[in-house]
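File shown: protein.cif. Contents: mmCIF, C-alpha atoms, pLDDT in the B column; chains and numbers go by the auth columns.
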```cif
data_start
#
loop_
_atom_site.group_PDB
_atom_site.id
_atom_site.type_symbol
_atom_site.label_atom_id
_atom_site.label_comp_id
_atom_site.label_asym_id
_atom_site.label_seq_id
_atom_site.Cartn_x
_atom_site.Cartn_y
_atom_site.Cartn_z
_atom_site.B_iso_or_equiv
_atom_site.auth_seq_id
_atom_site.auth_asym_id
ATOM 1 C CA MET A 1 14.158 -12.226 -13.062 92.00 1 A
ATOM 2 C CA ILE A 2 13.336 -11.317 -9.455 95.00 2 A
ATOM 3 C CA LYS A 3 15.323 -13.131 -6.772 97.00 3 A
ATOM 4 C CA ALA A 4 13.129 -13.721 -3.713 98.00 4 A
ATOM 5 C CA ILE A 5 13.285 -15.171 -0.216 98.00 5 A
ATOM 6 C CA LEU A 6 10.186 -16.488 1.548 98.00 6 A
ATOM 7 C CA VAL A 7 9.962 -16.100 5.328 98.00 7 A
ATOM 8 C CA ASP A 8 7.271 -17.851 7.385 97.00 8 A
ATOM 9 C CA ASP A 9 7.340 -20.050 10.476 95.00 9 A
ATOM 10 C CA GLU A 10 4.513 -22.208 9.070 95.00 10 A
ATOM 11 C CA LEU A 11 5.975 -24.681 6.597 96.00 11 A
ATOM 12 C CA HIS A 12 2.699 -25.233 4.749 96.00 12 A
ATOM 13 C CA CYS A 13 2.507 -21.468 4.112 96.00 13 A
ATOM 14 C CA LEU A 14 6.018 -21.512 2.639 97.00 14 A
ATOM 15 C CA ASP A 15 5.146 -24.447 0.383 97.00 15 A
ATOM 16 C CA THR A 16 1.880 -22.860 -0.744 97.00 16 A
ATOM 17 C CA LEU A 17 3.480 -19.516 -1.563 98.00 17 A
ATOM 18 C CA ASN A 18 6.321 -21.240 -3.413 97.00 18 A
ATOM 19 C CA MET A 19 3.799 -23.187 -5.536 97.00 19 A
ATOM 20 C CA LEU A 20 1.772 -20.050 -6.269 98.00 20 A
ATOM 21 C CA LEU A 21 4.906 -18.211 -7.404 97.00 21 A
ATOM 22 C CA THR A 22 5.890 -21.136 -9.632 97.00 22 A
ATOM 23 C CA ASP A 23 2.438 -21.244 -11.228 97.00 23 A
ATOM 24 C CA PHE A 24 1.590 -17.552 -11.498 97.00 24 A
ATOM 25 C CA CYS A 25 4.899 -15.640 -11.256 97.00 25 A
ATOM 26 C CA PRO A 26 7.498 -17.832 -12.997 96.00 26 A
ATOM 27 C CA HIS A 27 9.831 -14.816 -13.331 96.00 27 A
ATOM 28 C CA VAL A 28 10.260 -14.871 -9.536 97.00 28 A
ATOM 29 C CA GLN A 29 13.165 -17.129 -8.563 97.00 29 A
ATOM 30 C CA VAL A 30 12.840 -18.381 -4.981 98.00 30 A
ATOM 31 C CA ALA A 31 16.406 -18.486 -3.637 98.00 31 A
ATOM 32 C CA GLN A 32 15.447 -19.883 -0.217 98.00 32 A
ATOM 33 C CA GLN A 33 12.496 -20.651 2.045 98.00 33 A
ATOM 34 C CA CYS A 34 13.137 -19.609 5.643 98.00 34 A
ATOM 35 C CA PRO A 35 11.125 -20.952 8.613 97.00 35 A
ATOM 36 C CA SER A 36 12.388 -18.266 11.012 96.00 36 A
ATOM 37 C CA ALA A 37 13.604 -14.683 11.061 96.00 37 A
ATOM 38 C CA LYS A 38 17.055 -15.875 12.124 95.00 38 A
ATOM 39 C CA LYS A 39 17.324 -18.101 9.045 97.00 39 A
ATOM 40 C CA ALA A 40 16.049 -15.224 6.934 98.00 40 A
ATOM 41 C CA LEU A 41 18.827 -12.916 8.116 97.00 41 A
ATOM 42 C CA GLU A 42 21.389 -15.495 7.051 97.00 42 A
ATOM 43 C CA ALA A 43 19.647 -16.060 3.700 98.00 43 A
ATOM 44 C CA ILE A 44 19.430 -12.334 2.967 97.00 44 A
ATOM 45 C CA SER A 45 23.143 -11.966 3.667 96.00 45 A
ATOM 46 C CA THR A 46 23.936 -14.922 1.386 97.00 46 A
ATOM 47 C CA HIS A 47 21.559 -14.374 -1.535 97.00 47 A
ATOM 48 C CA LYS A 48 21.049 -10.585 -1.523 96.00 48 A
ATOM 49 C CA PRO A 49 17.446 -10.845 -2.787 97.00 49 A
ATOM 50 C CA ASN A 50 15.456 -8.208 -4.672 94.00 50 A
ATOM 51 C CA LEU A 51 12.299 -9.172 -2.814 96.00 51 A
ATOM 52 C CA VAL A 52 11.386 -10.681 0.551 97.00 52 A
ATOM 53 C CA PHE A 53 7.971 -12.171 1.280 97.00 53 A
ATOM 54 C CA LEU A 54 7.814 -11.619 5.021 96.00 54 A
ATOM 55 C CA ASP A 55 5.398 -13.145 7.501 95.00 55 A
ATOM 56 C CA ILE A 56 4.547 -10.751 10.323 91.00 56 A
ATOM 57 C CA GLU A 57 3.600 -13.092 13.163 90.00 57 A
ATOM 58 C CA MET A 58 6.589 -15.309 14.029 92.00 58 A
ATOM 59 C CA PRO A 59 7.996 -16.462 17.384 92.00 59 A
ATOM 60 C CA ALA A 60 11.313 -15.189 18.765 90.00 60 A
ATOM 61 C CA MET A 61 11.557 -12.408 16.157 93.00 61 A
ATOM 62 C CA ASN A 62 8.591 -11.149 14.145 91.00 62 A
ATOM 63 C CA GLY A 63 8.721 -9.621 10.679 92.00 63 A
ATOM 64 C CA PHE A 64 8.944 -6.028 11.870 90.00 64 A
ATOM 65 C CA GLU A 65 11.744 -6.886 14.306 91.00 65 A
ATOM 66 C CA LEU A 66 13.612 -8.575 11.466 94.00 66 A
ATOM 67 C CA LEU A 67 13.519 -5.353 9.447 92.00 67 A
ATOM 68 C CA GLU A 68 14.843 -3.411 12.414 89.00 68 A
ATOM 69 C CA GLN A 69 18.076 -5.430 12.119 92.00 69 A
ATOM 70 C CA PHE A 70 18.942 -3.503 8.954 90.00 70 A
ATOM 71 C CA GLN A 71 20.344 0.008 8.901 85.00 71 A
ATOM 72 C CA THR A 72 19.200 0.293 5.294 86.00 72 A
ATOM 73 C CA ILE A 73 16.871 -2.153 3.565 90.00 73 A
ATOM 74 C CA PRO A 74 18.097 -2.837 0.022 90.00 74 A
ATOM 75 C CA PHE A 75 15.186 -5.073 -1.029 93.00 75 A
ATOM 76 C CA SER A 76 11.454 -4.752 -1.589 92.00 76 A
ATOM 77 C CA VAL A 77 9.119 -6.293 0.989 94.00 77 A
ATOM 78 C CA ILE A 78 5.693 -7.874 0.614 95.00 78 A
ATOM 79 C CA PHE A 79 4.258 -8.706 4.022 95.00 79 A
ATOM 80 C CA THR A 80 2.126 -11.823 4.416 95.00 80 A
ATOM 81 C CA THR A 81 -0.297 -11.995 7.302 90.00 81 A
ATOM 82 C CA SER A 82 -3.541 -13.304 8.650 85.00 82 A
ATOM 83 C CA TYR A 83 -5.978 -10.487 9.321 69.00 83 A
ATOM 84 C CA ASP A 84 -4.364 -8.113 11.782 70.00 84 A
ATOM 85 C CA GLN A 85 -6.149 -4.783 11.529 72.00 85 A
ATOM 86 C CA TYR A 86 -3.530 -2.747 13.368 70.00 86 A
ATOM 87 C CA ALA A 87 -0.561 -4.123 11.410 81.00 87 A
ATOM 88 C CA ILE A 88 -2.385 -3.723 8.102 81.00 88 A
ATOM 89 C CA LYS A 89 -3.255 -0.120 8.962 75.00 89 A
ATOM 90 C CA ALA A 90 0.432 0.614 9.608 79.00 90 A
ATOM 91 C CA ILE A 91 1.510 -1.063 6.357 83.00 91 A
ATOM 92 C CA ARG A 92 -1.070 0.869 4.341 76.00 92 A
ATOM 93 C CA PHE A 93 -0.073 4.143 5.974 71.00 93 A
ATOM 94 C CA SER A 94 3.533 3.705 4.868 78.00 94 A
ATOM 95 C CA ALA A 95 2.497 2.670 1.321 71.00 95 A
ATOM 96 C CA LEU A 96 4.053 -0.784 1.581 85.00 96 A
ATOM 97 C CA ASP A 97 2.437 -3.967 0.282 88.00 97 A
ATOM 98 C CA TYR A 98 0.884 -6.942 2.026 91.00 98 A
ATOM 99 C CA LEU A 99 -0.993 -10.137 1.171 93.00 99 A
ATOM 100 C CA LEU A 100 -3.672 -11.651 3.366 92.00 100 A
ATOM 101 C CA LYS A 101 -3.531 -15.378 4.021 93.00 101 A
ATOM 102 C CA PRO A 102 -4.732 -17.519 2.371 93.00 102 A
ATOM 103 C CA ILE A 103 -3.037 -15.757 -0.507 96.00 103 A
ATOM 104 C CA ASP A 104 -5.142 -15.049 -3.569 95.00 104 A
ATOM 105 C CA PRO A 105 -3.221 -15.668 -6.835 96.00 105 A
ATOM 106 C CA LYS A 106 -4.528 -12.472 -8.469 94.00 106 A
ATOM 107 C CA GLU A 107 -3.433 -10.381 -5.500 93.00 107 A
ATOM 108 C CA LEU A 108 -0.039 -12.093 -5.564 96.00 108 A
ATOM 109 C CA VAL A 109 0.439 -11.270 -9.259 95.00 109 A
ATOM 110 C CA ALA A 110 -0.596 -7.644 -8.628 90.00 110 A
ATOM 111 C CA ALA A 111 1.796 -7.261 -5.690 92.00 111 A
ATOM 112 C CA VAL A 112 4.725 -8.691 -7.669 94.00 112 A
ATOM 113 C CA HIS A 113 3.877 -6.408 -10.585 90.00 113 A
ATOM 114 C CA LYS A 114 4.130 -3.378 -8.289 86.00 114 A
ATOM 115 C CA VAL A 115 7.622 -4.501 -7.266 88.00 115 A
ATOM 116 C CA GLU A 116 8.575 -4.869 -10.934 88.00 116 A
ATOM 117 C CA ILE A 117 7.563 -1.346 -11.886 83.00 117 A
ATOM 118 C CA GLN A 118 9.301 0.278 -8.904 79.00 118 A
ATOM 119 C CA LYS A 119 12.721 1.553 -9.923 71.00 119 A
ATOM 120 C CA SER A 120 14.076 1.306 -6.386 76.00 120 A
ATOM 121 C CA PRO A 121 13.215 -0.447 -3.097 79.00 121 A
ATOM 122 C CA PRO A 122 11.056 1.343 -0.501 79.00 122 A
ATOM 123 C CA SER A 123 12.839 4.188 1.243 77.00 123 A
ATOM 124 C CA ALA A 124 14.134 4.428 4.786 78.00 124 A
ATOM 125 C CA GLU A 125 11.421 7.029 5.453 79.00 125 A
ATOM 126 C CA GLN A 126 8.681 4.554 4.547 81.00 126 A
ATOM 127 C CA PHE A 127 10.058 1.941 6.920 84.00 127 A
ATOM 128 C CA GLN A 128 10.434 4.579 9.640 81.00 128 A
ATOM 129 C CA MET A 129 6.796 5.555 9.173 79.00 129 A
ATOM 130 C CA LEU A 130 5.889 1.882 9.483 84.00 130 A
ATOM 131 C CA MET A 131 7.895 1.397 12.683 82.00 131 A
ATOM 132 C CA ASP A 132 6.462 4.541 14.241 78.00 132 A
ATOM 133 C CA GLN A 133 2.962 3.254 13.585 76.00 133 A
ATOM 134 C CA ILE A 134 3.721 -0.248 14.872 75.00 134 A
ATOM 135 C CA GLN A 135 5.331 1.084 18.039 72.00 135 A
ATOM 136 C CA ASN A 136 2.358 3.385 18.535 64.00 136 A
ATOM 137 C CA ARG A 137 4.482 6.494 18.407 48.00 137 A
ATOM 138 C CA ASP A 138 2.832 9.642 17.187 50.00 138 A
ATOM 139 C CA SER A 139 5.102 10.654 14.359 50.00 139 A
ATOM 140 C CA GLY A 140 3.091 13.826 13.776 54.00 140 A
ATOM 141 C CA PHE A 141 2.779 12.877 10.118 56.00 141 A
ATOM 142 C CA THR A 142 0.021 14.644 8.246 69.00 142 A
ATOM 143 C CA LYS A 143 1.464 13.330 4.993 76.00 143 A
ATOM 144 C CA ILE A 144 0.758 10.219 2.971 82.00 144 A
ATOM 145 C CA ALA A 145 3.366 8.058 1.271 82.00 145 A
ATOM 146 C CA VAL A 146 2.450 7.734 -2.397 87.00 146 A
ATOM 147 C CA PRO A 147 4.296 5.010 -4.321 82.00 147 A
ATOM 148 C CA THR A 148 5.298 6.042 -7.831 82.00 148 A
ATOM 149 C CA ALA A 149 7.307 4.398 -10.604 77.00 149 A
ATOM 150 C CA GLU A 150 10.395 6.311 -9.398 76.00 150 A
ATOM 151 C CA GLY A 151 9.952 5.421 -5.712 74.00 151 A
ATOM 152 C CA PHE A 152 7.520 7.346 -3.553 77.00 152 A
ATOM 153 C CA GLU A 153 6.444 10.859 -2.692 83.00 153 A
ATOM 154 C CA LEU A 154 5.470 12.218 0.701 82.00 154 A
ATOM 155 C CA LEU A 155 2.498 14.491 0.127 87.00 155 A
ATOM 156 C CA PRO A 156 0.594 16.526 2.715 88.00 156 A
ATOM 157 C CA ALA A 157 -2.849 14.931 2.688 88.00 157 A
ATOM 158 C CA ASP A 158 -4.518 18.340 2.599 91.00 158 A
ATOM 159 C CA ASN A 159 -2.777 19.142 -0.684 94.00 159 A
ATOM 160 C CA VAL A 160 -4.878 16.470 -2.405 96.00 160 A
ATOM 161 C CA ILE A 161 -8.094 17.842 -3.922 97.00 161 A
ATOM 162 C CA PHE A 162 -9.398 14.531 -5.229 98.00 162 A
ATOM 163 C CA CYS A 163 -8.252 11.105 -6.379 98.00 163 A
ATOM 164 C CA GLU A 164 -9.265 9.597 -9.707 98.00 164 A
ATOM 165 C CA ALA A 165 -9.117 5.914 -10.631 97.00 165 A
ATOM 166 C CA ASP A 166 -7.190 4.768 -13.688 95.00 166 A
ATOM 167 C CA ASP A 167 -7.272 0.970 -13.708 90.00 167 A
ATOM 168 C CA ASN A 168 -4.442 -0.165 -11.371 87.00 168 A
ATOM 169 C CA TYR A 169 -3.255 3.408 -10.861 92.00 169 A
ATOM 170 C CA THR A 170 -4.690 6.513 -9.201 96.00 170 A
ATOM 171 C CA HIS A 171 -4.293 10.134 -10.294 97.00 171 A
ATOM 172 C CA LEU A 172 -3.952 12.514 -7.350 97.00 172 A
ATOM 173 C CA HIS A 173 -5.106 16.014 -8.294 97.00 173 A
ATOM 174 C CA LEU A 174 -3.179 18.516 -6.161 96.00 174 A
ATOM 175 C CA LYS A 175 -3.646 22.130 -5.087 94.00 175 A
ATOM 176 C CA SER A 176 -0.503 22.989 -7.044 90.00 176 A
ATOM 177 C CA LYS A 177 -2.527 22.144 -10.208 88.00 177 A
ATOM 178 C CA GLN A 178 -0.224 19.181 -10.777 89.00 178 A
ATOM 179 C CA ARG A 179 -1.022 15.490 -10.795 92.00 179 A
ATOM 180 C CA THR A 180 0.823 12.616 -9.208 93.00 180 A
ATOM 181 C CA ILE A 181 0.252 9.095 -10.494 93.00 181 A
ATOM 182 C CA ALA A 182 0.222 6.577 -7.645 92.00 182 A
ATOM 183 C CA CYS A 183 0.994 2.915 -8.276 88.00 183 A
ATOM 184 C CA ARG A 184 -2.103 2.060 -6.256 87.00 184 A
ATOM 185 C CA THR A 185 -5.716 1.243 -7.070 91.00 185 A
ATOM 186 C CA LEU A 186 -8.347 3.671 -5.857 94.00 186 A
ATOM 187 C CA LYS A 187 -9.460 1.084 -3.299 91.00 187 A
ATOM 188 C CA GLU A 188 -5.938 0.979 -1.873 88.00 188 A
ATOM 189 C CA MET A 189 -5.810 4.776 -1.751 91.00 189 A
ATOM 190 C CA GLU A 190 -9.168 4.782 0.036 92.00 190 A
ATOM 191 C CA GLU A 191 -7.751 2.433 2.672 84.00 191 A
ATOM 192 C CA GLN A 192 -4.647 4.582 3.057 83.00 192 A
ATOM 193 C CA LEU A 193 -6.720 7.760 3.488 87.00 193 A
ATOM 194 C CA HIS A 194 -9.163 6.103 5.877 80.00 194 A
ATOM 195 C CA ASP A 195 -7.904 7.906 8.990 74.00 195 A
ATOM 196 C CA PHE A 196 -8.174 11.299 7.325 81.00 196 A
ATOM 197 C CA ASN A 197 -11.885 11.755 7.948 82.00 197 A
ATOM 198 C CA HIS A 198 -12.362 14.448 5.337 91.00 198 A
ATOM 199 C CA PHE A 199 -11.668 12.078 2.411 95.00 199 A
ATOM 200 C CA VAL A 200 -14.795 10.373 1.091 96.00 200 A
ATOM 201 C CA ARG A 201 -15.426 7.912 -1.735 96.00 201 A
ATOM 202 C CA VAL A 202 -18.223 9.463 -3.807 97.00 202 A
ATOM 203 C CA HIS A 203 -18.046 7.301 -6.922 97.00 203 A
ATOM 204 C CA HIS A 204 -16.353 4.088 -8.052 96.00 204 A
ATOM 205 C CA SER A 205 -13.826 6.365 -9.780 97.00 205 A
ATOM 206 C CA TYR A 206 -13.410 9.197 -7.248 98.00 206 A
ATOM 207 C CA ILE A 207 -12.380 10.058 -3.690 98.00 207 A
ATOM 208 C CA VAL A 208 -12.734 13.710 -2.723 98.00 208 A
ATOM 209 C CA ASN A 209 -11.276 15.958 -0.051 97.00 209 A
ATOM 210 C CA LEU A 210 -14.437 17.462 1.494 96.00 210 A
ATOM 211 C CA ASN A 211 -12.498 20.603 2.429 95.00 211 A
ATOM 212 C CA GLU A 212 -11.984 21.256 -1.288 96.00 212 A
ATOM 213 C CA VAL A 213 -15.651 20.934 -2.346 96.00 213 A
ATOM 214 C CA GLN A 214 -17.050 24.261 -3.530 96.00 214 A
ATOM 215 C CA LYS A 215 -20.483 23.247 -4.767 95.00 215 A
ATOM 216 C CA TYR A 216 -22.861 20.291 -5.023 95.00 216 A
ATOM 217 C CA VAL A 217 -25.219 20.216 -8.015 95.00 217 A
ATOM 218 C CA ARG A 218 -28.291 18.009 -7.730 90.00 218 A
ATOM 219 C CA GLY A 219 -29.080 15.236 -10.171 86.00 219 A
ATOM 220 C CA GLU A 220 -29.609 11.482 -10.155 85.00 220 A
ATOM 221 C CA GLY A 221 -26.374 11.285 -8.237 88.00 221 A
ATOM 222 C CA GLY A 222 -25.354 14.839 -8.868 94.00 222 A
ATOM 223 C CA TYR A 223 -21.842 16.180 -9.108 96.00 223 A
ATOM 224 C CA LEU A 224 -19.344 18.205 -7.117 97.00 224 A
ATOM 225 C CA VAL A 225 -17.411 21.263 -8.221 97.00 225 A
ATOM 226 C CA MET A 226 -13.974 21.176 -6.634 97.00 226 A
ATOM 227 C CA SER A 227 -11.712 24.079 -5.662 96.00 227 A
ATOM 228 C CA ASP A 228 -9.679 23.713 -8.876 95.00 228 A
ATOM 229 C CA GLY A 229 -12.836 23.851 -11.009 96.00 229 A
ATOM 230 C CA SER A 230 -12.897 20.105 -11.676 97.00 230 A
ATOM 231 C CA ILE A 231 -16.249 18.311 -11.941 97.00 231 A
ATOM 232 C CA VAL A 232 -16.502 15.078 -9.931 97.00 232 A
ATOM 233 C CA ASN A 233 -19.534 12.855 -10.435 97.00 233 A
ATOM 234 C CA VAL A 234 -21.372 11.418 -7.432 96.00 234 A
ATOM 235 C CA SER A 235 -22.850 7.961 -7.857 96.00 235 A
ATOM 236 C CA ARG A 236 -26.499 7.473 -6.914 94.00 236 A
ATOM 237 C CA SER A 237 -25.561 4.734 -4.437 94.00 237 A
ATOM 238 C CA ARG A 238 -23.153 7.050 -2.559 94.00 238 A
ATOM 239 C CA LYS A 239 -25.204 10.222 -2.636 93.00 239 A
ATOM 240 C CA ASP A 240 -27.009 9.716 0.710 91.00 240 A
ATOM 241 C CA ALA A 241 -23.763 8.905 2.535 90.00 241 A
ATOM 242 C CA LEU A 242 -22.155 12.046 1.092 92.00 242 A
ATOM 243 C CA MET A 243 -25.095 14.246 2.119 91.00 243 A
ATOM 244 C CA LYS A 244 -24.596 13.223 5.759 87.00 244 A
ATOM 245 C CA TYR A 245 -21.299 15.097 5.772 85.00 245 A
ATOM 246 C CA PHE A 246 -23.040 18.277 4.686 80.00 246 A
#
```

Using the file provided, produce a representation of the structure as structure tokens.
Amino acid sequence: MIKAILVDDELHCLDTLNMLLTDFCPHVQVAQQCPSAKKALEAISTHKPNLVFLDIEMPAMNGFELLEQFQTIPFSVIFTTSYDQYAIKAIRFSALDYLLKPIDPKELVAAVHKVEIQKSPPSAEQFQMLMDQIQNRDSGFTKIAVPTAEGFELLPADNVIFCEADDNYTHLHLKSKQRTIACRTLKEMEEQLHDFNHFVRVHHSYIVNLNEVQKYVRGEGGYLVMSDGSIVNVSRSRKDALMKYF
């Protein structure tokens, strides 16, 4: 059973999320619904939840400011927000989770599942990365936060040769000839790597680091030979976009 607190200044959003959790995630026990960050701080102190669904845009104290009240954050967080491109970019960068309003039940189930398979809450480093992005500070990070079953890994982006889809997971093939399994879909990894311009989606199953491409072999879509000798197929629909980089 996951003990959760819901935080949102819009009461109808609290009610909707509570109903969705009841219908689709019955193993999530909602300890309290909080209409403000101040109430949430009190509820977190009282209930000590495993998970907090946290609205970003709230008056007086927003979701990010609420998190700054904690020296360490001993619970998982799923942000809920209307479309805010800058905030979403920061959340993706730090490998944290969010749900867009109105919340889709399938996305809710997937987000809760990710919390279930994590053996520990997000780290202080992840939240620091998030705050640096939100406050528009250049953290100098050339790494990506990759959530794993054990927690997360900070990997230099340039160490990734290519990413390979595996249902709700992604295999990251590294220069060290090792693989890391990320608890992220390939689409989510694509969003996280968006600002690294040398990563390109070339197939529904692959994202490649263009700096690690050794050869392109023509065909209907063709294929790439990567620096580790791996063969990565290029889909016909993505071939023209890939060729523009070359």

Length of the CA of Ala165 in chain A to CA of Lys244 in chain A vector [Å]
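Atom-to-atom, CA of Ala165 in chain A to CA of Lys244 in chain A, that is 23.7 Å.
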
Explicit residues for the PyMOL selection byres ((chain A and resi 37) around 9) (as a list in words):
Val7, Asp8, Asp9, Cys34, Pro35, Ser36, Lys38, Lys39, Ala40, Leu41, Glu42, Leu54, Met58, Pro59, Ala60, Met61, Asn62, Gly63, Glu65 and Leu66 of chain A

I'd like the neighbourhood of Ala4 in chain A as a PyMOL selection string, where a residue qualifies if any of its atoms comes within 6 Å (using only C-alpha atoms), though same-chain residues fewer than 6 positions away should be ignored.
chain A and resi 29-31+49+51-52

For a quick check of understanding, using all atoms listed in the file, which of A:Gln71, A:Gln133, A:Asn168, A:Ser82 has the smallest distance to Ile103 in chain A?
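For Ile103 in chain A, the nearest of the given residues is A:Ser82.
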
Could you list, as a CSV table (one decimal) with C-alpha atoms, in the frame of the given file, every residue matched by the PyMOL selection byres ((chain A and resi 206-222) around 6) in this structure?
```csv
chain,number,residue,atom,x,y,z
A,161,ILE,CA,-8.1,17.8,-3.9
A,162,PHE,CA,-9.4,14.5,-5.2
A,163,CYS,CA,-8.3,11.1,-6.4
A,164,GLU,CA,-9.3,9.6,-9.7
A,198,HIS,CA,-12.4,14.4,5.3
A,199,PHE,CA,-11.7,12.1,2.4
A,200,VAL,CA,-14.8,10.4,1.1
A,201,ARG,CA,-15.4,7.9,-1.7
A,202,VAL,CA,-18.2,9.5,-3.8
A,203,HIS,CA,-18.0,7.3,-6.9
A,204,HIS,CA,-16.4,4.1,-8.1
A,205,SER,CA,-13.8,6.4,-9.8
A,223,TYR,CA,-21.8,16.2,-9.1
A,224,LEU,CA,-19.3,18.2,-7.1
A,225,VAL,CA,-17.4,21.3,-8.2
A,226,MET,CA,-14.0,21.2,-6.6
A,227,SER,CA,-11.7,24.1,-5.7
A,234,VAL,CA,-21.4,11.4,-7.4
A,235,SER,CA,-22.8,8.0,-7.9
A,236,ARG,CA,-26.5,7.5,-6.9
A,239,LYS,CA,-25.2,10.2,-2.6
```

How would you write as a ChimeraX atom specification the residues that get within 10 Å of (1.5, -20.2, -6.8) in the file's frame, counting only C-alpha atoms?
/A:15-26,103-106,108-109

Nearest to Lys101 in chain A by atom-to-atom distance, counting all atoms listed in the file, from A:Ile73, A:Val115, A:Ala145, A:Leu14
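Smallest distance to Lys101 in chain A is found for A:Leu14.
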
Could you please determine the separation between CA of Ile144 in chain A and CA of Leu6 in chain A in Å, to one decimal place?
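It comes out at 28.4 Å.
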
Close residues, Leu172 in chain A itself excluded, 12 Å, only C-alpha atoms, min 3 positions apart in chain, as an MDAnalysis selection string
chainID A and resid 144 146:148 153 155:166 169 175:186 189:190 205:209

Selected residue of minimal separation from Cys13 in chain A among A:Leu100, A:Ala95, A:Ala241, A:Val28, counting all atoms listed in the file
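Smallest distance to Cys13 in chain A is found for A:Leu100.
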
Have a look at A:Ser230, A:Ser123, A:Gln192, A:Asn197 and name the one nearest to Lys89 in chain A; count all atoms listed in the file.
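Ranked by minimum distance to Lys89 in chain A, first place goes to A:Gln192.
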
Ranking A:Gln135, A:His173, A:Phe127, A:Ser120 by minimum distance to Thr72 in chain A and counting all atoms listed in the file, which one comes first?
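Once distances to Thr72 in chain A are computed over all atoms listed in the file, the minimum belongs to A:Phe127.
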
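Remark: for Phe70 in chain A, the closest of the candidate residues A:Leu130, A:Ile91, A:Val112, A:Ile44 is A:Ile44 (distances computed over all atoms listed in the file).
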
List, as a ChimeraX atom specification, every residue that the PyMOL selection byres ((chain A and resi 87) around 12) selects in the file provided.
/A:55-57,62-64,79-86,88-94,96-100,130-136

Output C-alpha atoms of each residue in that selection to a file, as a PDB file, in the frame of the given file.
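Writing the result to part09.pdb gives the following:
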```pdb
ATOM      1  CA  ASP A  55       5.398 -13.145   7.501  1.00 95.00           C
ATOM      2  CA  ILE A  56       4.547 -10.751  10.323  1.00 91.00           C
ATOM      3  CA  GLU A  57       3.600 -13.092  13.163  1.00 90.00           C
ATOM      4  CA  ASN A  62       8.591 -11.149  14.145  1.00 91.00           C
ATOM      5  CA  GLY A  63       8.721  -9.621  10.679  1.00 92.00           C
ATOM      6  CA  PHE A  64       8.944  -6.028  11.870  1.00 90.00           C
ATOM      7  CA  PHE A  79       4.258  -8.706   4.022  1.00 95.00           C
ATOM      8  CA  THR A  80       2.126 -11.823   4.416  1.00 95.00           C
ATOM      9  CA  THR A  81      -0.297 -11.995   7.302  1.00 90.00           C
ATOM     10  CA  SER A  82      -3.541 -13.304   8.650  1.00 85.00           C
ATOM     11  CA  TYR A  83      -5.978 -10.487   9.321  1.00 69.00           C
ATOM     12  CA  ASP A  84      -4.364  -8.113  11.782  1.00 70.00           C
ATOM     13  CA  GLN A  85      -6.149  -4.783  11.529  1.00 72.00           C
ATOM     14  CA  TYR A  86      -3.530  -2.747  13.368  1.00 70.00           C
ATOM     15  CA  ILE A  88      -2.385  -3.723   8.102  1.00 81.00           C
ATOM     16  CA  LYS A  89      -3.255  -0.120   8.962  1.00 75.00           C
ATOM     17  CA  ALA A  90       0.432   0.614   9.608  1.00 79.00           C
ATOM     18  CA  ILE A  91       1.510  -1.063   6.357  1.00 83.00           C
ATOM     19  CA  ARG A  92      -1.070   0.869   4.341  1.00 76.00           C
ATOM     20  CA  PHE A  93      -0.073   4.143   5.974  1.00 71.00           C
ATOM     21  CA  SER A  94       3.533   3.705   4.868  1.00 78.00           C
ATOM     22  CA  LEU A  96       4.053  -0.784   1.581  1.00 85.00           C
ATOM     23  CA  ASP A  97       2.437  -3.967   0.282  1.00 88.00           C
ATOM     24  CA  TYR A  98       0.884  -6.942   2.026  1.00 91.00           C
ATOM     25  CA  LEU A  99      -0.993 -10.137   1.171  1.00 93.00           C
ATOM     26  CA  LEU A 100      -3.672 -11.651   3.366  1.00 92.00           C
ATOM     27  CA  LEU A 130       5.889   1.882   9.483  1.00 84.00           C
ATOM     28  CA  MET A 131       7.895   1.397  12.683  1.00 82.00           C
ATOM     29  CA  ASP A 132       6.462   4.541  14.241  1.00 78.00           C
ATOM     30  CA  GLN A 133       2.962   3.254  13.585  1.00 76.00           C
ATOM     31  CA  ILE A 134       3.721  -0.248  14.872  1.00 75.00           C
ATOM     32  CA  GLN A 135       5.331   1.084  18.039  1.00 72.00           C
ATOM     33  CA  ASN A 136       2.358   3.385  18.535  1.00 64.00           C
TER      34      ASN A 136
END
```

Just the number, please: distance in Å from CA of Asn50 in chain A to CA of Met129 in chain A, one decimal.
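Here the two named atoms are 21.4 Å from each other.
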
Can range 99-104 of chain A be brought up to N, CA and C atoms and written out as a compact mmCIF listing (two decimals), in the coordinates of the input?
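Output file out.txt is given in full below:
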```
# COMPACT_ATOMS: atom_id res chain seq x y z
N LEU A 99 -0.06 -9.13 1.67
CA LEU A 99 -0.99 -10.14 1.17
C LEU A 99 -1.64 -10.82 2.36
N LEU A 100 -2.96 -10.95 2.30
CA LEU A 100 -3.67 -11.65 3.37
C LEU A 100 -3.66 -13.15 3.09
N LYS A 101 -3.43 -13.93 4.14
CA LYS A 101 -3.53 -15.38 4.02
C LYS A 101 -4.98 -15.81 4.17
N PRO A 102 -5.44 -16.82 3.46
CA PRO A 102 -4.73 -17.52 2.37
C PRO A 102 -4.56 -16.59 1.17
N ILE A 103 -3.41 -16.69 0.55
CA ILE A 103 -3.04 -15.76 -0.51
C ILE A 103 -3.82 -16.03 -1.79
N ASP A 104 -4.40 -14.97 -2.31
CA ASP A 104 -5.14 -15.05 -3.57
C ASP A 104 -4.16 -14.87 -4.73
```
